[in-house]
Each structure stands twice: as C-alpha cells, then as structure tokens.
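*Asks:* Can you read through this structure? Questions will come right after.
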Amino acid sequence: QKCAKSPYLDAAWAMLASAGLRSTRWWRAAEHVTVGRRRLSQNWGGAPLTVSLIGAPMRLGQPFDGVEEAPALLRSMGLLDELRGLHHRIDECGDLDFSRSLVGTSVAGNAETWSSKIGQAQSLAAVGRACEQIARLVKEKQQAAKFTLVLGGDHSISAGSLAGVLQAKPDARVLWIDAHADINTPRTSSSGSIHGMPIGLLLRDNVDHRELPGFGWLATSPLLDTDRIVYIGLRDLDPDEVAILREKKIKAFSMAHVDKYGIGKVMEDAIDYLGEYPLCLSFDIDAVDPSIVAATGTKVRGGLTYRESHYVCEAIAETGRLVHMDMVEVNPRLGLSAQAGRETADVAVKLIASALGNSIL
C-alpha cells in the first residue's frame, strides 16, 4: 500500500530546489508520506531497501555469557516483520560461524589474555579473526548496494562491521550511541575487555595493528579519522578516554549535553557536523536508561529516555544517508527475569525500525 504523491508537494519541491534550498534538513524532514504507522521516505527514491541482516554472536569482548544469544532473540521478537512492514526486502545472512576464529580460546570461564609491553587484551586474536569475518561480509554487501544491519553480540563486533563499511565507502561517517566511548586500546584499558576498544582500534594512527594478534588485517584497511565520528549519550568514561577525546578533539555529546540542549538540538548538531556523507549508526543498548532496558552488561543510570532513543534513530533516518547499523549488547541472561530480556530485545527491535523509517507521523 502506497500513498499517491501530491502534485503540490512536487511543485513546492521544485521551487525550493531552484532556490537552492532543497538540501535543508527542515524540508527533508517533511519529505515523507505515511501509511498507517509506517513512513515511506522519498529520500530513498520511493523504493524499499534491501537489508542484509547479519548475526554476529560474539561474547568474548566482555565477561558475561548470554550476549551471543541476542541475534536469535531479536529475530524472534519480530524484527523481520518490522522490516517487511516498512516495505524493505530482507537478505537474511544468518549468524556468522565464529568457530574457526575461536580455535584455542576458552569460551567458558576465563579466556586467554594477550599481554606484552604495549598492553593487554582478553581473547584478542579470536576477536580480531571474528571481526575480519564480519568486515569481509559487510564489505561484500555494501559493494552490492545493500544496507547492512549487524546484530551483536558485544560491541567489539563494530571493529569489524565499521571496517567493512569503510572498505567499501571510505568517506563514511559514524554516529556512536553509547554510555561508553569504547576508545581504549590494549595500552590504556584497565579491564582488557575488547568491547571497550572498537573505536580505539579503528582510529587512524592510534595503534600499530601489526603488533596486535588477530587484527593485522586492519593495517591495510581504511581507518576512521577523528573528525568522522560523533558520540551521543556518554556518561561513563575512563580517565584515559576523557584525555583521548579532548586531545583528539573528537565531537562528543554527553548526557549532560542532552540535558542542557535537548536531544533535538544535539542530533541537529551531530548530523550537520558529519556532513553529506554515508552514515553508520552503532547503537549500544546501554545508551538507554537501565530502567527501560535491564538486560545488558554495563548498565549506567541516567541514560537516554525511550523517546530520546527513538528520536536519535528517527533523525538519522530522515537524512536518507544511513547505510549501516549495529545493534549490540542486548544480553537476555542479565535481566532479573526472562521477561526483562524480552522487553530489552523489544526496545532494540523498535529502535532498529525507527532507524529504518518507522515514525509516529
């Protein structure tokens, strides 16, 4: 079901285009037609996307079992129906098999820790090999002009997924929604957990990948410049991360900024800063307040509200430039009940739908 396009809208659009105003974001936000609760964005040319759905059941980037179960749970909570309801086609890739990457790694109990004069990281080689698998598949799908949706798994998987996007689209920008900056490296991390390192590993001239077991492939991959990422929702940072953000002048909006300016102004500034380039959205569910999403591993009070979280996704959808999304850190075993796990997964599914075109009006 589709709504007919208004000739008056066409005429107004042509007038604004001739006046050089076609690219203004306030007009782009009005470019949508609605079918029930579903919005069909004319920024997509009136055509649905082909969404390559990739499960990345990785848990070795952090200490808790259960996060590897999230891809299956998100599917079971109606994710595919949401996407089809938005008229998108599904390229179901299933879950990646990381068994070869995990050879020699203890999944249960303590994983091996890599240590050297330049730092430490748990399961570094295994996570690095798994990220290379993710990067290869994401690159392939991006080169085929498909939207890539990667379901974690912990946030270490974004070192692979975003690398894959950058290999296909080197000018891509990143919007990182998280309570944490995840910009540590083996040298700066106190825990050695790699889910706190993906941006640290992806930044240009930040580490020597040839020295990192499993991550040598990043030495020849396009990397992320510091002016091509924006953080939103930060509220739990290590001292070294604060120093890195300040030293490298990385654009970052903490929850204090959201409180002071409102999520609308924060998103407007973030999107304007990132410019007219392909956009990646990496969404850690712990960005949302734990009173709303209880089933995640690193809960921090004072997070985004339900509506603020959806507005983030709706605003980036309105740009028409979103090419990739990660949804990570849903862990059904960490809620107080099975119902809490399902409720967290339901929020994640609804956020994905908002990023892919669902809206209130």
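Every chain in the structure tokens takes a letter, A first, then B, and so on in the order presented; its residues are numbered from 1, and the ligands are numbered from 1 following the presented order.
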Using DSSP on the backbone coordinates, identify all residues within range 160-274 of chain A classified as helix (DSSP H, G or I); present the result as a ChimeraX atom specification.
*Replies:* /A:160-168,194-196,198-202,209-211,216-220,226-228,239-247,255-261,263-274
*Asks:* Report as JSON, numbers by chain all protein, DNA and RNA residues lying within 8 Å of Val323 in chain A, evaluated on only C-alpha atoms, omitting residues in the same chain fewer than 6 positions from it.
*Replies:* {"A": [146, 147, 148, 278, 279, 280]}
*Asks:* Store the residues of this selection in a file with N, CA, C and O atoms, as a short mmCIF file (atom, residue, chain, number, x, y, z; two decimals), in the first residue's frame.
*Replies:*
```
data_model
loop_
_atom_site.label_atom_id
_atom_site.label_comp_id
_atom_site.auth_asym_id
_atom_site.auth_seq_id
_atom_site.Cartn_x
_atom_site.Cartn_y
_atom_site.Cartn_z
N LYS A 146 23.69 -2.80 -0.72
CA LYS A 146 22.72 -3.23 0.26
C LYS A 146 22.97 -2.51 1.59
O LYS A 146 24.10 -2.14 1.91
N PHE A 147 21.90 -2.32 2.35
CA PHE A 147 22.01 -1.80 3.71
C PHE A 147 22.44 -2.96 4.60
O PHE A 147 21.87 -4.05 4.52
N THR A 148 23.43 -2.74 5.45
CA THR A 148 23.89 -3.80 6.33
C THR A 148 23.43 -3.53 7.76
O THR A 148 23.67 -2.45 8.32
N PRO A 278 27.84 9.14 3.57
CA PRO A 278 27.19 7.94 4.09
C PRO A 278 27.37 7.84 5.61
O PRO A 278 28.45 8.13 6.13
N LEU A 279 26.31 7.44 6.28
CA LEU A 279 26.32 7.40 7.74
C LEU A 279 26.16 5.99 8.27
O LEU A 279 25.38 5.19 7.74
N CYS A 280 26.89 5.71 9.34
CA CYS A 280 26.78 4.44 10.07
C CYS A 280 26.27 4.76 11.47
O CYS A 280 26.74 5.70 12.11
#
```
*Asks:* Between A:Leu218, A:Leu149, A:Ile194, A:Val300, which one has atoms that come closest to His180 in chain A, using only C-alpha atoms?
*Replies:*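 Counting only C-alpha atoms, the residue closest to His180 in chain A is A:Val300.
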*Asks:* With a distance cut-off of 7 Å and only C-alpha atoms, select the neighbouring residues of range 93-100 of chain A, excluding the residue or stretch itself and same-chain residues fewer than 4 positions from it, and output the selection as a list of chain:residue names.
*Replies:*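 Counting only C-alpha atoms, the residues come to A:Ser52, A:Leu53, A:Ile54, A:Gly55, A:Ala56, A:Pro57, A:Ala130.
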*Asks:* Selection from above, N, CA and C atoms, as a PDB file, in the first residue's frame, can you write it?
*Replies:*
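File again02.pdb, as written:
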```pdb
ATOM      1  N   SER A  52      20.625  -6.395   4.379  1.00  0.00           N
ATOM      2  CA  SER A  52      21.398  -7.604   4.666  1.00  0.00           C
ATOM      3  C   SER A  52      21.481  -7.752   6.178  1.00  0.00           C
ATOM      4  N   LEU A  53      20.804  -8.769   6.688  1.00  0.00           N
ATOM      5  CA  LEU A  53      20.713  -8.992   8.128  1.00  0.00           C
ATOM      6  C   LEU A  53      21.776 -10.000   8.543  1.00  0.00           C
ATOM      7  N   ILE A  54      22.721  -9.558   9.361  1.00  0.00           N
ATOM      8  CA  ILE A  54      23.901 -10.348   9.713  1.00  0.00           C
ATOM      9  C   ILE A  54      23.960 -10.526  11.226  1.00  0.00           C
ATOM     10  N   GLY A  55      23.901 -11.760  11.679  1.00  0.00           N
ATOM     11  CA  GLY A  55      24.066 -12.034  13.098  1.00  0.00           C
ATOM     12  C   GLY A  55      25.536 -12.197  13.444  1.00  0.00           C
ATOM     13  N   ALA A  56      25.966 -11.532  14.515  1.00  0.00           N
ATOM     14  CA  ALA A  56      27.359 -11.611  14.962  1.00  0.00           C
ATOM     15  C   ALA A  56      27.370 -12.006  16.434  1.00  0.00           C
ATOM     16  N   PRO A  57      27.199 -13.300  16.733  1.00  0.00           N
ATOM     17  CA  PRO A  57      27.034 -13.761  18.120  1.00  0.00           C
ATOM     18  C   PRO A  57      28.357 -13.847  18.887  1.00  0.00           C
ATOM     19  N   ALA A 130      37.416 -12.905  14.236  1.00  0.00           N
ATOM     20  CA  ALA A 130      35.968 -12.807  14.040  1.00  0.00           C
ATOM     21  C   ALA A 130      35.605 -11.478  13.382  1.00  0.00           C
TER      22      ALA A 130
END
```
*Asks:* Env of Gly262 in chain A: 12 Å cut, atoms = only C-alpha atoms, seq-sep filter 2 positions within chain, self excluded. Answer as a count of residues only.
*Replies:* 23
*Asks:* From the DSSP assignment of the backbone, select every residue of range 129-197 of chain A that is strand (DSSP E or B), and format the answer as a ChimeraX atom specification.
*Replies:* /A:147-152,173-177
*Asks:* Print the selection's residues with N, CA, C and O atoms to a file, as a PDB file, in the first residue's frame.
*Replies:*
```pdb
ATOM      1  N   PHE A 147      21.898  -2.320   2.346  1.00  0.00           N
ATOM      2  CA  PHE A 147      22.010  -1.804   3.706  1.00  0.00           C
ATOM      3  C   PHE A 147      22.437  -2.956   4.601  1.00  0.00           C
ATOM      4  O   PHE A 147      21.868  -4.050   4.524  1.00  0.00           O
ATOM      5  N   THR A 148      23.432  -2.737   5.454  1.00  0.00           N
ATOM      6  CA  THR A 148      23.889  -3.800   6.335  1.00  0.00           C
ATOM      7  C   THR A 148      23.425  -3.529   7.762  1.00  0.00           C
ATOM      8  O   THR A 148      23.668  -2.451   8.317  1.00  0.00           O
ATOM      9  N   LEU A 149      22.767  -4.523   8.341  1.00  0.00           N
ATOM     10  CA  LEU A 149      22.292  -4.476   9.715  1.00  0.00           C
ATOM     11  C   LEU A 149      22.948  -5.624  10.463  1.00  0.00           C
ATOM     12  O   LEU A 149      22.678  -6.790  10.178  1.00  0.00           O
ATOM     13  N   VAL A 150      23.835  -5.284  11.392  1.00  0.00           N
ATOM     14  CA  VAL A 150      24.590  -6.300  12.121  1.00  0.00           C
ATOM     15  C   VAL A 150      24.066  -6.366  13.553  1.00  0.00           C
ATOM     16  O   VAL A 150      24.017  -5.350  14.256  1.00  0.00           O
ATOM     17  N   LEU A 151      23.707  -7.563  13.978  1.00  0.00           N
ATOM     18  CA  LEU A 151      23.171  -7.800  15.313  1.00  0.00           C
ATOM     19  C   LEU A 151      24.231  -8.450  16.179  1.00  0.00           C
ATOM     20  O   LEU A 151      24.661  -9.570  15.909  1.00  0.00           O
ATOM     21  N   GLY A 152      24.679  -7.712  17.224  1.00  0.00           N
ATOM     22  CA  GLY A 152      25.599  -8.331  18.168  1.00  0.00           C
ATOM     23  C   GLY A 152      24.828  -9.134  19.190  1.00  0.00           C
ATOM     24  O   GLY A 152      23.595  -9.110  19.223  1.00  0.00           O
ATOM     25  N   ARG A 173      30.844   8.172   7.652  1.00  0.00           N
ATOM     26  CA  ARG A 173      30.925   8.760   8.988  1.00  0.00           C
ATOM     27  C   ARG A 173      30.176   7.877   9.979  1.00  0.00           C
ATOM     28  O   ARG A 173      29.329   7.080   9.587  1.00  0.00           O
ATOM     29  N   VAL A 174      30.462   8.080  11.271  1.00  0.00           N
ATOM     30  CA  VAL A 174      29.922   7.193  12.309  1.00  0.00           C
ATOM     31  C   VAL A 174      29.239   8.000  13.400  1.00  0.00           C
ATOM     32  O   VAL A 174      29.808   8.962  13.927  1.00  0.00           O
ATOM     33  N   LEU A 175      28.022   7.591  13.741  1.00  0.00           N
ATOM     34  CA  LEU A 175      27.321   8.099  14.908  1.00  0.00           C
ATOM     35  C   LEU A 175      27.301   6.976  15.937  1.00  0.00           C
ATOM     36  O   LEU A 175      26.723   5.908  15.697  1.00  0.00           O
ATOM     37  N   TRP A 176      27.945   7.207  17.068  1.00  0.00           N
ATOM     38  CA  TRP A 176      28.162   6.167  18.089  1.00  0.00           C
ATOM     39  C   TRP A 176      27.283   6.493  19.293  1.00  0.00           C
ATOM     40  O   TRP A 176      27.516   7.474  19.988  1.00  0.00           O
ATOM     41  N   ILE A 177      26.268   5.682  19.534  1.00  0.00           N
ATOM     42  CA  ILE A 177      25.311   5.915  20.611  1.00  0.00           C
ATOM     43  C   ILE A 177      25.621   4.929  21.730  1.00  0.00           C
ATOM     44  O   ILE A 177      25.450   3.720  21.577  1.00  0.00           O
TER      45      ILE A 177
END
```
*Asks:* By how many Å are CA of Leu73 in chain A and CA of Leu356 in chain A apart?
*Replies:*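 Computing the Euclidean distance for CA of Leu73 in chain A and CA of Leu356 in chain A yields 19.2 Å.
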*Asks:* Just want the 10 Å neighbourhood of Gln143 in chain A, counted on only C-alpha atoms, with same-chain residues fewer than 3 positions away dropped. Output as a PyMOL selection string.
*Replies:* chain A and resi 137-140+146-147+164-165+167-169
*Asks:* Name the closest residue to Asp238 in chain A among the candidates A:Glu343, A:Glu132, A:Asp286, A:Asp182; distances are taken between atoms, counting only C-alpha atoms.
*Replies:*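 Checking each of A:Glu343, A:Glu132, A:Asp286, A:Asp182 against Asp238 in chain A, counting only C-alpha atoms, the winner is A:Asp182.
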*Asks:* Using only C-alpha atoms, find the one residue out of A:Arg228, A:His209, A:Lys251, A:His310 that sits nearest to Val349 in chain A.
*Replies:*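 That would be A:His310, the residue with the smallest distance to Val349 in chain A.
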*Asks:* Restricting the calculation to only C-alpha atoms, which member of A:Pro170, A:Gly275, A:Gly153, A:Gly119 is positioned closest to Val67 in chain A?
*Replies:*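 With only C-alpha atoms as the atom set, the closest residue is A:Gly153.
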*Asks:* Neighbouring residues of Glu329 in chain A were defined as those with any atom within 9 Å, considering only C-alpha atoms; residues of the same chain fewer than 6 positions away were excluded. Please report them as a PDB file with C-alpha atoms, in the first residue's frame.
*Replies:*
```
ATOM      1  CA  VAL A  67      25.076 -11.662  24.735  1.00  0.00           C
ATOM      2  CA  GLU A  68      25.753 -14.179  21.936  1.00  0.00           C
ATOM      3  CA  ALA A  70      20.837 -11.756  21.149  1.00  0.00           C
ATOM      4  CA  GLY A 152      25.599  -8.331  18.168  1.00  0.00           C
ATOM      5  CA  GLY A 153      26.924  -9.744  20.213  1.00  0.00           C
ATOM      6  CA  ASP A 154      29.054  -7.385  22.228  1.00  0.00           C
ATOM      7  CA  HIS A 155      30.346  -4.067  20.905  1.00  0.00           C
ATOM      8  CA  PHE A 283      23.841   1.652  18.835  1.00  0.00           C
ATOM      9  CA  ASP A 284      24.783   0.100  22.173  1.00  0.00           C
ATOM     10  CA  ILE A 285      21.562  -0.648  24.027  1.00  0.00           C
ATOM     11  CA  ASP A 286      23.205   0.513  27.268  1.00  0.00           C
ATOM     12  CA  ALA A 295      19.128  -6.882  30.110  1.00  0.00           C
ATOM     13  CA  THR A 296      22.554  -5.531  29.226  1.00  0.00           C
ATOM     14  CA  GLY A 297      26.013  -5.931  30.691  1.00  0.00           C
ATOM     15  CA  THR A 298      27.297  -2.471  31.633  1.00  0.00           C
TER      16      THR A 298
END
```
